[in-house]
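Here is the file structure-v4.txt (compact mmCIF, C-alpha atoms).
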# COMPACT_ATOMS: atom_id res chain seq x y z
CA MET A 1 -61.54 -77.99 44.76
CA LYS A 2 -60.93 -76.41 48.14
CA TYR A 3 -60.58 -72.72 48.85
CA VAL A 4 -57.20 -71.15 48.14
CA ASP A 5 -55.79 -68.04 49.79
CA VAL A 6 -54.95 -65.56 47.05
CA PHE A 7 -53.38 -62.13 47.28
CA VAL A 8 -54.30 -59.54 44.66
CA GLY A 9 -52.80 -56.12 44.15
CA LEU A 10 -54.92 -53.16 43.10
CA GLY A 11 -53.61 -49.96 41.55
CA SER A 12 -54.98 -46.82 39.91
CA ASN A 13 -53.45 -43.56 38.71
CA LEU A 14 -56.07 -42.12 36.34
CA GLY A 15 -59.32 -40.36 37.12
CA ASN A 16 -60.97 -40.87 40.49
CA ARG A 17 -58.40 -43.31 41.84
CA GLU A 18 -60.19 -43.87 45.15
CA SER A 19 -63.42 -44.70 43.34
CA PHE A 20 -61.73 -47.19 41.00
CA LEU A 21 -60.15 -49.05 43.93
CA ALA A 22 -63.42 -49.04 45.89
CA SER A 23 -65.30 -50.34 42.85
CA ALA A 24 -62.79 -53.15 42.40
CA VAL A 25 -63.11 -54.16 46.07
CA LEU A 26 -66.92 -54.11 45.80
CA MET A 27 -66.95 -56.17 42.58
CA LEU A 28 -64.58 -58.75 44.04
CA GLN A 29 -66.64 -58.84 47.24
CA ASN A 30 -69.86 -59.36 45.23
CA HIS A 31 -68.39 -62.21 43.17
CA GLU A 32 -70.09 -65.45 44.21
CA GLN A 33 -66.82 -67.40 44.34
CA ILE A 34 -64.54 -64.81 45.94
CA CYS A 35 -64.48 -63.89 49.63
CA ILE A 36 -62.36 -60.96 50.80
CA VAL A 37 -60.52 -61.93 53.99
CA LYS A 38 -58.31 -58.87 54.58
CA GLU A 39 -57.72 -55.45 53.01
CA SER A 40 -54.55 -53.42 53.40
CA THR A 41 -54.67 -49.69 53.81
CA VAL A 42 -54.50 -47.70 50.57
CA ILE A 43 -51.13 -46.07 49.94
CA GLU A 44 -49.99 -43.49 47.38
CA THR A 45 -46.84 -44.37 45.47
CA ALA A 46 -44.70 -43.06 42.65
CA PRO A 47 -45.01 -44.86 39.30
CA VAL A 48 -42.31 -47.30 38.14
CA GLY A 49 -41.07 -47.99 34.64
CA GLY A 50 -39.80 -44.56 33.64
CA ILE A 51 -43.01 -43.30 32.01
CA GLU A 52 -44.07 -39.79 33.02
CA GLN A 53 -47.44 -40.16 34.79
CA GLY A 54 -49.32 -39.42 37.99
CA ALA A 55 -48.94 -41.16 41.34
CA PHE A 56 -50.71 -44.44 42.02
CA LEU A 57 -53.01 -45.50 44.78
CA ASN A 58 -52.24 -49.11 45.71
CA GLN A 59 -53.85 -51.71 47.91
CA VAL A 60 -53.55 -55.47 48.49
CA LEU A 61 -56.40 -57.83 49.26
CA GLN A 62 -56.31 -61.33 50.66
CA VAL A 63 -59.17 -63.35 49.21
CA GLU A 64 -60.35 -66.94 49.35
CA THR A 65 -61.61 -68.56 46.18
CA GLU A 66 -62.30 -71.87 44.54
CA LEU A 67 -61.68 -70.36 41.11
CA GLU A 68 -58.85 -71.82 39.08
CA PRO A 69 -56.07 -69.27 38.39
CA ALA A 70 -57.04 -68.66 34.74
CA VAL A 71 -60.70 -68.14 35.66
CA LEU A 72 -59.73 -65.76 38.47
CA LEU A 73 -57.51 -63.85 36.06
CA ASN A 74 -60.39 -63.50 33.59
CA SER A 75 -62.64 -62.21 36.38
CA CYS A 76 -59.98 -59.63 37.32
CA LEU A 77 -59.55 -58.56 33.69
CA ALA A 78 -63.33 -58.16 33.33
CA ILE A 79 -63.40 -55.91 36.42
CA GLU A 80 -60.54 -53.83 35.01
CA GLU A 81 -62.36 -53.48 31.69
CA SER A 82 -65.62 -52.49 33.43
CA GLN A 83 -63.70 -49.61 35.01
CA GLY A 84 -62.39 -48.30 31.69
CA ARG A 85 -59.01 -50.02 31.66
CA VAL A 86 -57.34 -49.76 28.28
CA ARG A 87 -54.19 -51.79 27.76
CA GLY A 88 -51.64 -49.58 26.07
CA GLU A 89 -48.05 -48.89 26.96
CA LYS A 90 -46.43 -51.31 29.43
CA TRP A 91 -46.27 -49.66 32.87
CA GLY A 92 -48.41 -46.84 31.49
CA PRO A 93 -51.21 -45.00 33.28
CA ARG A 94 -54.40 -46.92 34.04
CA THR A 95 -57.77 -46.50 35.65
CA LEU A 96 -57.44 -49.88 37.35
CA ASP A 97 -54.89 -52.64 37.55
CA ILE A 98 -55.57 -55.93 39.33
CA ASP A 99 -52.65 -58.35 39.64
CA ILE A 100 -52.71 -61.84 41.09
CA LEU A 101 -49.68 -61.70 43.37
CA PHE A 102 -49.91 -65.13 45.00
CA TYR A 103 -52.25 -68.06 44.41
CA GLY A 104 -51.72 -70.04 47.58
CA ASN A 105 -48.19 -71.43 47.50
CA HIS A 106 -48.46 -72.36 43.83
CA VAL A 107 -45.85 -71.41 41.25
CA LEU A 108 -47.46 -70.92 37.84
CA ASP A 109 -45.74 -69.97 34.61
CA ALA A 110 -48.31 -69.66 31.83
CA PRO A 111 -48.18 -67.24 28.88
CA SER A 112 -50.84 -64.99 30.42
CA LEU A 113 -50.20 -65.55 34.13
CA HIS A 114 -47.03 -65.75 36.21
CA VAL A 115 -47.52 -66.46 39.91
CA PRO A 116 -45.98 -65.37 42.18
CA HIS A 117 -45.95 -62.05 40.38
CA PRO A 118 -42.38 -61.92 38.95
CA GLU A 119 -41.46 -58.42 40.21
CA LEU A 120 -43.33 -58.53 43.51
CA HIS A 121 -40.18 -58.81 45.66
CA LEU A 122 -38.82 -55.60 44.07
CA ARG A 123 -41.91 -53.43 44.55
CA HIS A 124 -42.45 -51.45 47.75
CA PHE A 125 -46.02 -50.63 46.68
CA VAL A 126 -46.82 -54.35 46.83
CA LEU A 127 -44.58 -55.53 49.67
CA GLY A 128 -45.66 -52.75 52.06
CA PRO A 129 -49.36 -53.66 51.92
CA LEU A 130 -48.55 -57.40 51.87
CA ALA A 131 -46.38 -57.07 54.98
CA GLU A 132 -49.24 -55.18 56.63
CA ILE A 133 -51.87 -57.89 56.14
CA ALA A 134 -49.74 -61.06 55.88
CA PRO A 135 -46.29 -60.43 57.38
CA GLU A 136 -45.57 -64.15 57.89
CA PHE A 137 -46.75 -65.33 54.46
CA GLU A 138 -43.79 -67.00 52.75
CA HIS A 139 -42.92 -66.37 49.12
CA PRO A 140 -42.83 -69.88 47.59
CA VAL A 141 -39.77 -69.10 45.42
CA CYS A 142 -37.72 -66.67 47.54
CA LYS A 143 -38.50 -68.64 50.73
CA LYS A 144 -38.75 -65.42 52.74
CA ASN A 145 -41.83 -63.95 54.41
CA MET A 146 -43.31 -60.61 53.38
CA ARG A 147 -41.89 -58.73 56.37
CA ASP A 148 -38.36 -59.95 55.59
CA LEU A 149 -38.70 -59.23 51.86
CA LEU A 150 -39.83 -55.67 52.65
CA GLU A 151 -36.98 -55.20 55.12
CA THR A 152 -34.48 -56.42 52.50
CA LEU A 153 -35.92 -54.08 49.87
CA LEU A 154 -35.76 -51.07 52.17
CA SER A 155 -32.20 -51.73 53.37
Could you spell out this file's structure in structure tokens?
Amino acid sequence: MKYVDVFVGLGSNLGNRESFLASAVLMLQNHEQICIVKESTVIETAPVGGIEQGAFLNQVLQVETELEPAVLLNSCLAIEESQGRVRGEKWGPRTLDIDILFYGNHVLDAPSLHVPHPELHLRHFVLGPLAEIAPEFEHPVCKKNMRDLLETLLS
């Protein structure tokens, strides 16, 4: 298999948020089959979903990998778990969240993985960093690039 450009979103709103994001970047960087190509700046955002909780730090990475989507997902889940992630309430607080936002231009709809991420086009905390590092990348379903999706969301 050839390398695929993948975009992953990182988020944290519990504990030392900066440290959790930095650890995730380091673990992804140290993975033998993942190469970080670009990193967005880290932004602080309000939580979504209506649950009372602290603000998030968010970041998006562009990586290249030969890993199949399910294997990449398992690697991301293992990194989350290593940083104390406990899956509780949906949209609840977390030490670390790693989401596969795009896997190349593929559209995947499996029980454990939906790519592109289904709510990506509605989330400023994802579109802002994506537009920063890949403004011309086109959403394979919406058929709009990240800059245009962000502009639409903000208008």
Tell me, as a compact mmCIF listing (two decimals) with C-alpha atoms, keeping the file's coordinate frame, which residues lie within 8 Å of region 93-106 of chain A, counting all atoms listed in the file; anything in the same chain fewer than 2 positions away does not count.
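Wrote out22.txt, looks like this:
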# COMPACT_ATOMS: atom_id res chain seq x y z
CA VAL A 4 -57.20 -71.15 48.14
CA ASP A 5 -55.79 -68.04 49.79
CA VAL A 6 -54.95 -65.56 47.05
CA PHE A 7 -53.38 -62.13 47.28
CA VAL A 8 -54.30 -59.54 44.66
CA GLY A 9 -52.80 -56.12 44.15
CA LEU A 10 -54.92 -53.16 43.10
CA GLY A 11 -53.61 -49.96 41.55
CA SER A 12 -54.98 -46.82 39.91
CA ASN A 13 -53.45 -43.56 38.71
CA LEU A 14 -56.07 -42.12 36.34
CA GLY A 15 -59.32 -40.36 37.12
CA ARG A 17 -58.40 -43.31 41.84
CA PHE A 20 -61.73 -47.19 41.00
CA LEU A 21 -60.15 -49.05 43.93
CA GLN A 53 -47.44 -40.16 34.79
CA GLY A 54 -49.32 -39.42 37.99
CA PRO A 69 -56.07 -69.27 38.39
CA LEU A 73 -57.51 -63.85 36.06
CA CYS A 76 -59.98 -59.63 37.32
CA LEU A 77 -59.55 -58.56 33.69
CA GLU A 80 -60.54 -53.83 35.01
CA GLN A 83 -63.70 -49.61 35.01
CA GLY A 84 -62.39 -48.30 31.69
CA ARG A 85 -59.01 -50.02 31.66
CA VAL A 86 -57.34 -49.76 28.28
CA ARG A 87 -54.19 -51.79 27.76
CA TRP A 91 -46.27 -49.66 32.87
CA LEU A 108 -47.46 -70.92 37.84
CA VAL A 115 -47.52 -66.46 39.91
CA PRO A 116 -45.98 -65.37 42.18
CA HIS A 117 -45.95 -62.05 40.38
CA LEU A 120 -43.33 -58.53 43.51
CA HIS A 139 -42.92 -66.37 49.12
CA PRO A 140 -42.83 -69.88 47.59
Next item on the list: Give as a PyMOL selection string every residue, naming chains and numbers as the document does, that has an atom within 10 Å of (-65.5, -72.6, 45.9), counting all atoms listed in the file.
Entry: chain A and resi 1-4+32-35+64-68
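Closest approach to Asn16 (chain A) among A:Ser75, A:Glu44, A:Leu57, A:Leu153 is made by A:Leu57 (distances from all atoms listed in the file).
From CA of Pro47 (chain A) back to CA of Leu154 (chain A), the distance works out to 17.0 Å.
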Next item on the list: Would you mind listing what lies within 12 Å of region 122-125 of chain A as JSON, numbers by chain, with only C-alpha atoms counted and same-chain residues fewer than 3 positions away left out?
Entry: {"A": [9, 10, 11, 12, 40, 41, 42, 43, 44, 45, 46, 47, 48, 49, 55, 56, 57, 58, 59, 60, 101, 117, 118, 119, 128, 129, 130, 131, 132, 142, 146, 147, 149, 150, 151, 152, 153, 154, 155]}
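The interatomic distance for the pair CA of Leu61 (chain A) and CA of Gln29 (chain A) works out to 10.5 Å.
Nearest to Ala78 (chain A) of all the residues A:His31, A:Lys38, A:His114, A:His121 is A:His31, counting all atoms listed in the file.
Taking CA of Ala134 (chain A) as the reference point, CA of Val25 (chain A) is found at 18.0 Å.
The residue that comes closest to Phe137 (chain A), out of A:Pro111, A:Gln62, A:Ile79, A:Leu72 and on the basis of all atoms listed in the file, is A:Gln62.
Of the residues listed (A:Val107, A:Ala70, A:Val126, A:Val37), A:Val107 shows the shortest atom-to-atom separation from Val141 (chain A); distances use all atoms listed in the file.
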I'd like the box whose edges run along x, y and z of the file and which contains every listed atom of region 23-33 of chain A, padded by 6 Å per side; could you state its centre and edge lengths in Å, one decimal, as JSON?
{"center_x": -66.4, "center_y": -58.9, "center_z": 44.8, "size_x": 19.3, "size_y": 29.1, "size_z": 16.8}
Reconstructed N, CA and C atoms for region 47-74 of chain A, given as a tab-separated table (two decimals), in the coordinates of the input:
chain	number	residue	atom	x	y	z
A	47	PRO	N	-44.98	-43.84	40.35
A	47	PRO	CA	-45.01	-44.86	39.30
A	47	PRO	C	-43.62	-45.44	39.06
A	48	VAL	N	-43.58	-46.67	38.53
A	48	VAL	CA	-42.31	-47.30	38.14
A	48	VAL	C	-42.32	-47.48	36.63
A	49	GLY	N	-41.15	-47.71	36.06
A	49	GLY	CA	-41.07	-47.99	34.64
A	49	GLY	C	-40.60	-46.84	33.78
A	50	GLY	N	-40.39	-45.67	34.38
A	50	GLY	CA	-39.80	-44.56	33.64
A	50	GLY	C	-40.75	-43.75	32.78
A	51	ILE	N	-42.05	-44.06	32.81
A	51	ILE	CA	-43.01	-43.30	32.01
A	51	ILE	C	-43.56	-42.16	32.86
A	52	GLU	N	-43.55	-40.95	32.31
A	52	GLU	CA	-44.07	-39.79	33.02
A	52	GLU	C	-45.58	-39.95	33.20
A	53	GLN	N	-46.02	-39.98	34.47
A	53	GLN	CA	-47.44	-40.16	34.79
A	53	GLN	C	-47.68	-39.82	36.25
A	54	GLY	N	-48.94	-39.75	36.63
A	54	GLY	CA	-49.32	-39.42	37.99
A	54	GLY	C	-49.07	-40.55	38.98
A	55	ALA	N	-49.15	-40.20	40.25
A	55	ALA	CA	-48.94	-41.16	41.34
A	55	ALA	C	-50.08	-42.19	41.37
A	56	PHE	N	-49.76	-43.34	41.88
A	56	PHE	CA	-50.71	-44.44	42.02
A	56	PHE	C	-51.28	-44.49	43.42
A	57	LEU	N	-52.49	-44.99	43.53
A	57	LEU	CA	-53.01	-45.50	44.78
A	57	LEU	C	-52.92	-47.01	44.67
A	58	ASN	N	-52.41	-47.65	45.71
A	58	ASN	CA	-52.24	-49.11	45.71
A	58	ASN	C	-52.84	-49.72	46.97
A	59	GLN	N	-53.28	-50.96	46.81
A	59	GLN	CA	-53.85	-51.71	47.91
A	59	GLN	C	-53.69	-53.20	47.61
A	60	VAL	N	-53.60	-54.01	48.65
A	60	VAL	CA	-53.55	-55.47	48.49
A	60	VAL	C	-54.71	-56.08	49.26
A	61	LEU	N	-55.32	-57.09	48.64
A	61	LEU	CA	-56.40	-57.83	49.26
A	61	LEU	C	-56.00	-59.29	49.41
A	62	GLN	N	-56.40	-59.88	50.51
A	62	GLN	CA	-56.31	-61.33	50.66
A	62	GLN	C	-57.72	-61.85	50.44
A	63	VAL	N	-57.86	-62.78	49.50
A	63	VAL	CA	-59.17	-63.35	49.21
A	63	VAL	C	-59.08	-64.87	49.28
A	64	GLU	N	-60.23	-65.48	49.47
A	64	GLU	CA	-60.35	-66.94	49.35
A	64	GLU	C	-61.22	-67.22	48.15
A	65	THR	N	-60.84	-68.21	47.36
A	65	THR	CA	-61.61	-68.56	46.18
A	65	THR	C	-61.42	-70.02	45.82
A	66	GLU	N	-62.41	-70.54	45.13
A	66	GLU	CA	-62.30	-71.87	44.54
A	66	GLU	C	-61.96	-71.78	43.06
A	67	LEU	N	-61.94	-70.56	42.54
A	67	LEU	CA	-61.68	-70.36	41.11
A	67	LEU	C	-60.26	-70.81	40.75
A	68	GLU	N	-60.16	-71.47	39.62
A	68	GLU	CA	-58.85	-71.82	39.08
A	68	GLU	C	-58.13	-70.51	38.70
A	69	PRO	N	-56.81	-70.51	38.67
A	69	PRO	CA	-56.07	-69.27	38.39
A	69	PRO	C	-56.50	-68.56	37.11
A	70	ALA	N	-56.67	-69.29	36.01
A	70	ALA	CA	-57.04	-68.66	34.74
A	70	ALA	C	-58.43	-68.03	34.81
A	71	VAL	N	-59.34	-68.67	35.51
A	71	VAL	CA	-60.70	-68.14	35.66
A	71	VAL	C	-60.69	-66.89	36.54
A	72	LEU	N	-59.89	-66.94	37.61
A	72	LEU	CA	-59.73	-65.76	38.47
A	72	LEU	C	-59.13	-64.60	37.69
A	73	LEU	N	-58.12	-64.89	36.88
A	73	LEU	CA	-57.51	-63.85	36.06
A	73	LEU	C	-58.54	-63.22	35.13
A	74	ASN	N	-59.35	-64.04	34.48
A	74	ASN	CA	-60.39	-63.50	33.59
A	74	ASN	C	-61.39	-62.64	34.35
